[in-house]
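See below for work16.cif, which holds mmCIF, C-alpha atoms.
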data_upload
loop_
_atom_site.group_PDB
_atom_site.id
_atom_site.type_symbol
_atom_site.label_atom_id
_atom_site.label_comp_id
_atom_site.auth_asym_id
_atom_site.auth_seq_id
_atom_site.Cartn_x
_atom_site.Cartn_y
_atom_site.Cartn_z
ATOM 1 C CA MET A 150 23.110 5.275 26.560
ATOM 2 C CA GLU A 151 24.435 2.924 23.857
ATOM 3 C CA ALA A 152 22.106 0.127 24.985
ATOM 4 C CA LEU A 153 19.147 2.485 24.812
ATOM 5 C CA ILE A 154 20.182 3.594 21.317
ATOM 6 C CA GLU A 155 20.308 -0.009 20.133
ATOM 7 C CA LYS A 156 16.917 -0.708 21.708
ATOM 8 C CA LEU A 157 15.462 2.373 20.022
ATOM 9 C CA LYS A 158 16.769 1.295 16.626
ATOM 10 C CA ILE A 159 14.922 -2.027 16.943
ATOM 11 C CA GLU A 160 11.743 -0.302 18.125
ATOM 12 C CA ILE A 161 11.863 2.212 15.252
ATOM 13 C CA ILE A 162 12.297 -0.548 12.677
ATOM 14 C CA GLN A 163 9.339 -2.453 14.143
ATOM 15 C CA GLN A 164 7.070 0.544 14.697
ATOM 16 C CA LEU A 165 7.684 2.092 11.283
ATOM 17 C CA ASN A 166 7.798 -1.208 9.350
ATOM 18 C CA LEU A 167 11.261 -0.460 7.975
ATOM 19 C CA GLU A 168 11.577 -4.031 6.722
ATOM 20 C CA GLU A 169 14.533 -3.285 4.513
ATOM 21 C CA LEU A 170 16.692 -2.024 7.387
ATOM 22 C CA THR A 171 18.633 -3.666 10.209
ATOM 23 C CA PRO A 172 19.767 -1.828 13.359
ATOM 24 C CA ALA A 173 23.296 -1.748 11.943
ATOM 25 C CA ASP A 174 22.030 0.265 8.965
ATOM 26 C CA ILE A 175 20.902 3.113 11.205
ATOM 27 C CA ASP A 176 23.523 5.690 12.096
ATOM 28 C CA PRO A 177 22.517 6.994 15.535
ATOM 29 C CA ASP A 178 23.655 10.493 14.574
ATOM 30 C CA ALA A 179 22.046 10.607 11.117
ATOM 31 C CA THR A 180 18.979 12.789 10.652
ATOM 32 C CA LEU A 181 15.740 10.818 10.860
ATOM 33 C CA PHE A 182 13.809 13.015 8.459
ATOM 34 C CA GLY A 183 14.754 14.274 5.018
ATOM 35 C CA ALA A 184 18.008 12.892 3.680
ATOM 36 C CA GLY A 185 18.708 10.518 6.603
ATOM 37 C CA LEU A 186 16.196 7.721 7.067
ATOM 38 C CA GLY A 187 13.723 9.556 4.854
ATOM 39 C CA LEU A 188 10.865 9.368 7.332
ATOM 40 C CA ASP A 189 7.613 11.247 6.680
ATOM 41 C CA SER A 190 4.973 13.061 8.744
ATOM 42 C CA ILE A 191 3.072 9.878 9.631
ATOM 43 C CA ASP A 192 6.339 8.365 10.855
ATOM 44 C CA ALA A 193 6.783 11.429 13.070
ATOM 45 C CA LEU A 194 3.417 10.711 14.696
ATOM 46 C CA GLU A 195 4.397 7.068 15.127
ATOM 47 C CA LEU A 196 7.603 8.120 16.891
ATOM 48 C CA ILE A 197 5.574 10.250 19.315
ATOM 49 C CA VAL A 198 3.381 7.197 20.065
ATOM 50 C CA LEU A 199 6.520 5.033 20.425
ATOM 51 C CA LEU A 200 8.012 7.376 23.027
ATOM 52 C CA GLU A 201 4.844 7.353 25.108
ATOM 53 C CA LYS A 202 3.939 3.676 24.669
ATOM 54 C CA ASN A 203 7.386 2.131 25.148
ATOM 55 C CA HIS A 204 9.115 4.684 27.363
ATOM 56 C CA GLY A 205 6.350 6.583 29.139
ATOM 57 C CA VAL A 206 7.655 9.857 27.723
ATOM 58 C CA ARG A 207 5.269 12.509 26.487
ATOM 59 C CA ILE A 208 6.531 15.530 24.588
ATOM 60 C CA LYS A 209 4.919 18.400 26.468
ATOM 61 C CA ASP A 210 6.121 21.267 24.297
ATOM 62 C CA PRO A 211 5.536 20.656 20.535
ATOM 63 C CA ASN A 212 8.447 22.996 19.839
ATOM 64 C CA ASP A 213 10.769 20.371 21.348
ATOM 65 C CA GLY A 214 9.825 17.845 18.637
ATOM 66 C CA LYS A 215 12.296 19.079 16.063
ATOM 67 C CA GLU A 216 15.250 18.635 18.429
ATOM 68 C CA VAL A 217 13.986 15.391 20.017
ATOM 69 C CA PHE A 218 13.498 13.653 16.662
ATOM 70 C CA LYS A 219 16.664 14.952 15.063
ATOM 71 C CA SER A 220 18.369 11.552 15.382
ATOM 72 C CA VAL A 221 18.186 8.276 17.295
ATOM 73 C CA ARG A 222 20.762 9.658 19.718
ATOM 74 C CA SER A 223 18.724 12.790 20.433
ATOM 75 C CA MET A 224 15.676 10.604 21.067
ATOM 76 C CA ALA A 225 17.677 8.479 23.507
ATOM 77 C CA GLU A 226 18.940 11.585 25.284
ATOM 78 C CA TYR A 227 15.401 12.893 25.658
ATOM 79 C CA ILE A 228 14.201 9.556 27.053
ATOM 80 C CA LYS A 229 17.147 9.467 29.469
ATOM 81 C CA ALA A 230 16.308 12.950 30.708
ATOM 82 C CA ASN A 231 12.539 12.537 30.887
ATOM 83 C CA GLY A 232 11.614 8.851 30.905
ATOM 84 C CA LYS A 233 11.494 5.765 33.053
ATOM 85 C CA SER A 234 13.805 3.491 31.036
ATOM 86 C CA MET B 244 -14.927 0.178 -28.569
ATOM 87 C CA ASN B 245 -12.261 0.432 -25.867
ATOM 88 C CA VAL B 246 -9.959 -2.508 -25.221
ATOM 89 C CA ILE B 247 -8.156 -4.197 -22.331
ATOM 90 C CA SER B 248 -4.453 -3.847 -23.106
ATOM 91 C CA SER B 249 -3.313 -6.182 -20.307
ATOM 92 C CA TYR B 250 -4.486 -7.661 -17.017
ATOM 93 C CA CYS B 251 -3.129 -9.102 -13.789
ATOM 94 C CA HIS B 252 -4.471 -11.567 -11.232
ATOM 95 C CA ILE B 253 -3.129 -12.135 -7.726
ATOM 96 C CA LYS B 254 -4.615 -14.966 -5.695
ATOM 97 C CA ASN B 255 -3.453 -18.012 -3.718
ATOM 98 C CA ASN B 256 0.098 -16.632 -3.538
ATOM 99 C CA ARG B 257 0.402 -16.442 -7.302
ATOM 100 C CA VAL B 258 0.775 -13.465 -9.614
ATOM 101 C CA SER B 259 -0.253 -13.910 -13.219
ATOM 102 C CA ARG B 260 -0.110 -11.412 -16.044
ATOM 103 C CA ASN B 261 -2.211 -11.862 -19.158
ATOM 104 C CA GLY B 262 -2.937 -15.415 -18.067
ATOM 105 C CA PHE B 263 0.681 -16.447 -17.487
ATOM 106 C CA SER B 264 2.126 -17.056 -14.032
ATOM 107 C CA VAL B 265 4.975 -14.611 -13.313
ATOM 108 C CA PHE B 266 5.545 -15.182 -9.579
ATOM 109 C CA GLU B 267 4.425 -17.916 -7.238
ATOM 110 C CA GLN B 268 4.921 -19.110 -3.663
ATOM 111 C CA LYS B 269 3.513 -21.976 -1.620
ATOM 112 C CA PRO B 270 -0.150 -21.370 -0.665
ATOM 113 C CA GLU B 271 0.536 -21.894 3.067
ATOM 114 C CA ILE B 272 2.771 -18.803 3.239
ATOM 115 C CA ALA B 273 0.994 -15.836 4.864
ATOM 116 C CA PHE B 274 -0.014 -12.912 2.659
ATOM 117 C CA PHE B 275 2.410 -10.419 4.229
ATOM 118 C CA GLU B 276 5.347 -12.729 3.565
ATOM 119 C CA PHE B 277 4.163 -13.480 0.039
ATOM 120 C CA ALA B 278 3.587 -9.789 -0.697
ATOM 121 C CA SER B 279 7.094 -8.828 0.428
ATOM 122 C CA ALA B 280 8.635 -11.612 -1.664
ATOM 123 C CA ALA B 281 6.524 -10.715 -4.708
ATOM 124 C CA PHE B 282 7.532 -7.068 -4.391
ATOM 125 C CA ARG B 283 11.235 -7.861 -3.960
ATOM 126 C CA ASN B 284 10.965 -10.042 -7.058
ATOM 127 C CA LEU B 285 10.259 -6.880 -9.054
ATOM 128 C CA GLY B 286 13.577 -5.356 -8.015
ATOM 129 C CA VAL B 287 11.936 -2.012 -7.347
ATOM 130 C CA ALA B 288 13.410 0.337 -4.728
ATOM 131 C CA TYR B 289 10.301 1.694 -2.991
ATOM 132 C CA PRO B 290 10.566 1.266 0.813
ATOM 133 C CA LYS B 291 7.132 2.835 1.321
ATOM 134 C CA PHE B 292 5.590 -0.440 0.134
ATOM 135 C CA PHE B 293 6.580 -2.133 3.381
ATOM 136 C CA LYS B 294 4.745 0.481 5.462
ATOM 137 C CA MET B 295 1.403 -0.048 3.743
ATOM 138 C CA ASP B 296 -1.508 -2.050 5.071
ATOM 139 C CA ALA B 297 -2.350 -5.380 3.432
ATOM 140 C CA LEU B 298 -5.028 -3.978 1.094
ATOM 141 C CA CYS B 299 -2.720 -1.305 -0.297
ATOM 142 C CA LYS B 300 0.109 -3.817 -0.650
ATOM 143 C CA LEU B 301 -2.182 -6.013 -2.724
ATOM 144 C CA ALA B 302 -3.296 -3.082 -4.893
ATOM 145 C CA LEU B 303 0.224 -1.769 -5.379
ATOM 146 C CA LEU B 304 1.584 -5.226 -6.234
ATOM 147 C CA ALA B 305 -1.070 -5.744 -8.906
ATOM 148 C CA SER B 306 -0.509 -2.288 -10.388
ATOM 149 C CA GLU B 307 3.249 -2.756 -10.351
ATOM 150 C CA TYR B 308 3.169 -6.105 -12.152
ATOM 151 C CA LEU B 309 0.656 -4.734 -14.652
ATOM 152 C CA LEU B 310 1.943 -1.248 -15.439
ATOM 153 C CA SER B 311 5.639 -2.126 -15.511
ATOM 154 C CA ALA B 312 4.986 -4.459 -18.436
ATOM 155 C CA ASP B 313 2.299 -2.549 -20.329
ATOM 156 C CA PRO B 314 3.662 -0.107 -22.951
ATOM 157 C CA ALA B 315 0.189 1.427 -23.251
ATOM 158 C CA PHE B 316 0.612 3.020 -19.819
ATOM 159 C CA GLY B 317 3.934 4.616 -20.741
ATOM 160 C CA ALA B 318 2.514 5.838 -24.022
ATOM 161 C CA THR B 319 -0.531 7.389 -22.348
ATOM 162 C CA GLY B 320 1.228 9.079 -19.470
ATOM 163 C CA PRO B 321 0.160 9.095 -15.808
ATOM 164 C CA GLU B 322 -1.532 12.494 -16.052
ATOM 165 C CA HIS B 323 -4.065 11.058 -18.526
ATOM 166 C CA THR B 324 -4.641 7.794 -16.654
ATOM 167 C CA GLY B 325 -7.599 7.193 -14.325
ATOM 168 C CA ILE B 326 -8.171 4.549 -11.670
ATOM 169 C CA VAL B 327 -11.487 2.832 -10.893
ATOM 170 C CA LEU B 328 -11.332 0.121 -8.237
ATOM 171 C CA SER B 329 -13.840 -1.860 -6.239
ATOM 172 C CA ASN B 330 -14.007 -4.422 -3.477
ATOM 173 C CA ARG B 331 -16.366 -6.062 -1.004
ATOM 174 C CA SER B 332 -14.691 -5.626 2.388
ATOM 175 C CA SER B 333 -13.682 -1.985 2.080
ATOM 176 C CA SER B 334 -10.780 -1.386 4.521
ATOM 177 C CA LEU B 335 -12.271 -3.717 7.146
ATOM 178 C CA GLU B 336 -9.027 -5.534 7.947
ATOM 179 C CA THR B 337 -7.304 -2.286 8.928
ATOM 180 C CA ASP B 338 -10.474 -0.922 10.558
ATOM 181 C CA ARG B 339 -10.340 -3.912 12.909
ATOM 182 C CA ALA B 340 -6.672 -3.270 13.710
ATOM 183 C CA HIS B 341 -7.477 0.351 14.536
ATOM 184 C CA ALA B 342 -10.476 -0.692 16.664
ATOM 185 C CA ARG B 343 -8.242 -3.055 18.659
ATOM 186 C CA SER B 344 -5.775 -0.259 19.340
ATOM 187 C CA VAL B 345 -8.460 1.978 20.882
ATOM 188 C CA SER B 346 -10.552 -0.665 22.665
ATOM 189 C CA ASN B 347 -8.602 -0.636 25.939
ATOM 190 C CA PRO B 348 -8.734 2.722 27.772
ATOM 191 C CA GLU B 349 -5.745 1.591 29.879
ATOM 192 C CA ALA B 350 -3.612 1.051 26.777
ATOM 193 C CA TYR B 351 -4.997 3.615 24.381
ATOM 194 C CA PHE B 352 -2.323 3.904 21.698
ATOM 195 C CA PRO B 353 -3.938 4.345 18.283
ATOM 196 C CA SER B 354 -1.361 4.083 15.544
ATOM 197 C CA PRO B 355 -1.360 6.991 13.049
ATOM 198 C CA ALA B 356 0.196 4.675 10.457
ATOM 199 C CA VAL B 357 -2.739 2.271 10.845
ATOM 200 C CA PHE B 358 -5.400 4.967 11.012
ATOM 201 C CA VAL B 359 -4.420 6.506 7.658
ATOM 202 C CA TYR B 360 -5.388 3.243 5.956
ATOM 203 C CA THR B 361 -8.935 3.086 7.362
ATOM 204 C CA LEU B 362 -10.513 4.025 4.014
ATOM 205 C CA PRO B 363 -10.615 1.756 0.934
ATOM 206 C CA ASN B 364 -9.782 4.517 -1.560
ATOM 207 C CA ILE B 365 -6.339 4.916 0.023
ATOM 208 C CA MET B 366 -5.280 2.056 -2.271
ATOM 209 C CA ILE B 367 -5.951 4.380 -5.210
ATOM 210 C CA GLY B 368 -3.884 7.057 -3.491
ATOM 211 C CA GLU B 369 -0.942 4.715 -3.024
ATOM 212 C CA ILE B 370 -0.990 3.634 -6.682
ATOM 213 C CA SER B 371 -1.321 7.276 -7.748
ATOM 214 C CA ILE B 372 1.626 8.386 -5.612
ATOM 215 C CA ARG B 373 3.811 5.551 -6.852
ATOM 216 C CA HIS B 374 3.096 6.203 -10.543
ATOM 217 C CA GLN B 375 2.261 9.942 -10.390
ATOM 218 C CA ILE B 376 -1.210 9.188 -11.742
ATOM 219 C CA THR B 377 -3.437 12.255 -11.578
ATOM 220 C CA GLY B 378 -6.468 11.294 -13.679
ATOM 221 C CA GLU B 379 -10.051 10.795 -12.464
ATOM 222 C CA ASN B 380 -10.603 8.082 -9.880
ATOM 223 C CA ALA B 381 -13.392 6.272 -8.081
ATOM 224 C CA CYS B 382 -13.658 3.493 -5.505
ATOM 225 C CA PHE B 383 -16.787 1.328 -5.180
ATOM 226 C CA VAL B 384 -17.741 -1.122 -2.434
ATOM 227 C CA THR B 385 -20.006 -3.812 -3.899
ATOM 228 C CA PRO B 386 -21.030 -7.321 -2.772
ATOM 229 C CA GLY B 387 -19.026 -8.910 -5.597
ATOM 230 C CA PHE B 388 -17.049 -7.954 -8.702
ATOM 231 C CA ASP B 389 -19.563 -5.977 -10.758
ATOM 232 C CA ALA B 390 -18.135 -6.014 -14.292
ATOM 233 C CA GLY B 391 -21.093 -4.003 -15.598
ATOM 234 C CA LEU B 392 -20.669 -1.178 -13.108
ATOM 235 C CA ILE B 393 -16.925 -0.890 -13.677
ATOM 236 C CA SER B 394 -17.041 -1.129 -17.459
ATOM 237 C CA GLY B 395 -19.867 1.428 -17.648
ATOM 238 C CA TYR B 396 -17.948 3.890 -15.482
ATOM 239 C CA VAL B 397 -14.615 3.377 -17.233
ATOM 240 C CA ASN B 398 -16.103 3.581 -20.726
ATOM 241 C CA GLN B 399 -17.808 6.832 -19.789
ATOM 242 C CA LEU B 400 -14.522 8.327 -18.549
ATOM 243 C CA LEU B 401 -12.843 7.340 -21.812
ATOM 244 C CA GLU B 402 -15.676 8.398 -24.078
ATOM 245 C CA GLN B 403 -15.949 11.793 -22.400
ATOM 246 C CA LYS B 404 -12.171 12.074 -22.849
ATOM 247 C CA LEU B 405 -11.643 12.687 -19.153
ATOM 248 C CA VAL B 406 -8.858 10.097 -19.319
ATOM 249 C CA LYS B 407 -6.913 8.370 -22.105
ATOM 250 C CA ALA B 408 -6.403 5.130 -20.175
ATOM 251 C CA CYS B 409 -7.937 3.666 -17.048
ATOM 252 C CA LEU B 410 -6.631 1.178 -14.535
ATOM 253 C CA ALA B 411 -9.602 -0.752 -13.183
ATOM 254 C CA GLY B 412 -10.615 -3.850 -11.293
ATOM 255 C CA TRP B 413 -11.194 -5.619 -8.002
ATOM 256 C CA ILE B 414 -8.884 -5.504 -4.971
ATOM 257 C CA GLU B 415 -10.387 -7.555 -2.140
ATOM 258 C CA LEU B 416 -8.803 -8.549 1.159
ATOM 259 C CA ASP B 417 -10.367 -9.786 4.379
ATOM 260 C CA GLY B 418 -8.277 -11.773 6.846
ATOM 261 C CA PRO B 419 -6.245 -14.435 5.073
ATOM 262 C CA SER B 420 -8.500 -14.282 2.026
ATOM 263 C CA TYR B 421 -7.483 -12.002 -0.829
ATOM 264 C CA GLU B 422 -7.813 -11.519 -4.572
ATOM 265 C CA ALA B 423 -6.711 -8.845 -7.009
ATOM 266 C CA PHE B 424 -7.880 -8.530 -10.599
ATOM 267 C CA LEU B 425 -6.579 -5.435 -12.328
ATOM 268 C CA TYR B 426 -6.638 -4.398 -15.970
ATOM 269 C CA LEU B 427 -5.750 -1.401 -18.091
ATOM 270 C CA VAL B 428 -8.407 -0.113 -20.478
ATOM 271 C CA VAL B 429 -7.398 2.025 -23.450
ATOM 272 C CA PRO B 430 -9.054 3.237 -26.665
ATOM 273 C CA PRO B 431 -8.709 0.914 -29.693
ATOM 274 C CA GLN B 432 -5.053 0.623 -30.734
ATOM 275 C CA GLY B 433 -4.788 0.318 -34.521
ATOM 276 C CA THR B 434 -4.516 -3.345 -35.426
ATOM 277 C CA ALA B 435 -4.438 -4.570 -31.825
ATOM 278 C CA LYS B 436 -6.290 -7.840 -31.323
ATOM 279 C CA ASN B 437 -7.307 -7.219 -27.715
ATOM 280 C CA SER B 438 -10.773 -8.143 -26.524
ATOM 281 C CA ASN B 439 -13.366 -5.410 -26.733
ATOM 282 C CA PHE B 440 -13.880 -3.986 -23.263
ATOM 283 C CA GLY B 441 -17.235 -4.548 -21.630
ATOM 284 C CA PRO B 442 -18.887 -6.503 -18.828
ATOM 285 C CA HIS B 443 -18.857 -9.741 -20.798
ATOM 286 C CA SER B 444 -15.182 -9.658 -21.811
ATOM 287 C CA THR B 445 -14.052 -8.489 -18.388
ATOM 288 C CA LYS B 446 -15.971 -11.231 -16.621
ATOM 289 C CA GLY B 447 -14.591 -13.691 -19.143
ATOM 290 C CA ILE B 448 -11.001 -12.776 -18.286
ATOM 291 C CA TRP B 449 -11.846 -12.856 -14.564
ATOM 292 C CA ASP B 450 -13.263 -16.365 -14.927
ATOM 293 C CA LEU B 451 -10.164 -17.469 -16.818
ATOM 294 C CA GLY B 452 -7.940 -16.108 -14.038
ATOM 295 C CA PHE B 453 -7.092 -19.324 -12.230
#
Output the file's structure in the form of structure tokens.
Amino acid sequence: MEALIEKLKIEIIQQLNLEELTPADIDPDATLFGAGLGLDSIDALELIVLLEKNHGVRIKDPNDGKEVFKSVRSMAEYIKANGKS
Amino acid sequence: MNVISSYCHIKNNRVSRNGFSVFEQKPEIAFFEFASAAFRNLGVAYPKFFKMDALCKLALLASEYLLSADPAFGATGPEHTGIVLSNRSSSLETDRAHARSVSNPEAYFPSPAVFVYTLPNIMIGEISIRHQITGENACFVTPGFDAGLISGYVNQLLEQKLVKACLAGWIELDGPSYEAFLYLVVPPQGTAKNSNFGPHSTKGIWDLGF
């Protein structure tokens, strides 16, 4: 799980062009939206693409999105439960 | 007669304001690297800059270097400021990136963050968001910098009192080639010795650029 979290941090920084951040700056349990990383709605769409493109995971129920993208850890847990990596 | 209160050029990895170089890097450095360095040089905390496409980065950089040093903008207020920009290549650079992302049906992953920049007037939106500018705006795509078109439009906005100041100019980017020429136009300021604003004076400053 920890390896997947670290991989996700790198992918998020690349996909969202978070040039000012390093993986160490991202707390895996911090909220991604709002006060945490301060991501916006376009970033949310990018994260959906990231899950499908890099991990073959598609979010089937849009209602799951809020929980899946709560933090890097919750994303990793969703990939672990539903993905190939 | 309205006047140009200040102007900014960005070209060949150099930023100049009112004819004086204020930031410079070696010409062989790629635009993205130069843009990041030029933005960090301002010491501004605005992470959104790094998410923008190249055209918007160029526009935002020019506006940042210009407006941060022009007291006329602060005195006017963003709600009374308009923006009139133009370029030749529209958003072609980002259009190409989007086209590449949807060209292979086996790897069809269009990026939302790329797609939102597939219009040239998004550069006006980014400047407006950054500086809370809510005045009139327009974006023209023309074969070259048309000083007559821009000055006519801007003067009309000012004379009809739709705005009290107007950010205007040329923001062009296509591949490795780029150039920004931005200026702030305001009504005559007392004893100010600025050039009268019109096609001739604007073109004159453009020609002086580098």
Selection result for the PyMOL selection byres ((chain A) within 12 of (chain B)) on this file, as number ranges by chain = A: 162-170, 186-203, 205
If you measure from atom CA of Glu216 of chain A to atom CA of Asp178 of chain A, what distance in Å do you get, rounded to one decimal?
-> 12.3 Å
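If you look at atom CA of Lys254 of chain B and atom CA of Pro419 of chain B, they are 10.9 Å away from each other.
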Using only C-alpha atoms, determine which residues lie at most 12 Å from segment 381-397 of chain B, disregarding the query and same-chain residues fewer than 5 positions distant; provide the list as a PyMOL selection string.
-> chain B and resi 244-247+324-335+362-368+402-415+422-430+439-450
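For the pair atom CA of Glu369 of chain B and atom CA of Ala305 of chain B, the separation is 12.0 Å.
Distances to Tyr360 of chain B were evaluated for B:Cys299, B:Ile272, B:Leu400, B:Val345 using all atoms listed in the file, and the minimum falls at B:Cys299.
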Return as an NGL selection string the set of residues that the PyMOL selection byres ((chain A and resi 217) around 12) yields on the displayed structure.
-> :A and (180-182 or 193 or 196-197 or 200 or 206-216 or 218-231)
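Closest to Glu307 of chain B among B:Arg283, B:Pro348, B:Gly320, B:Phe274 is B:Arg283, based on only C-alpha atoms.
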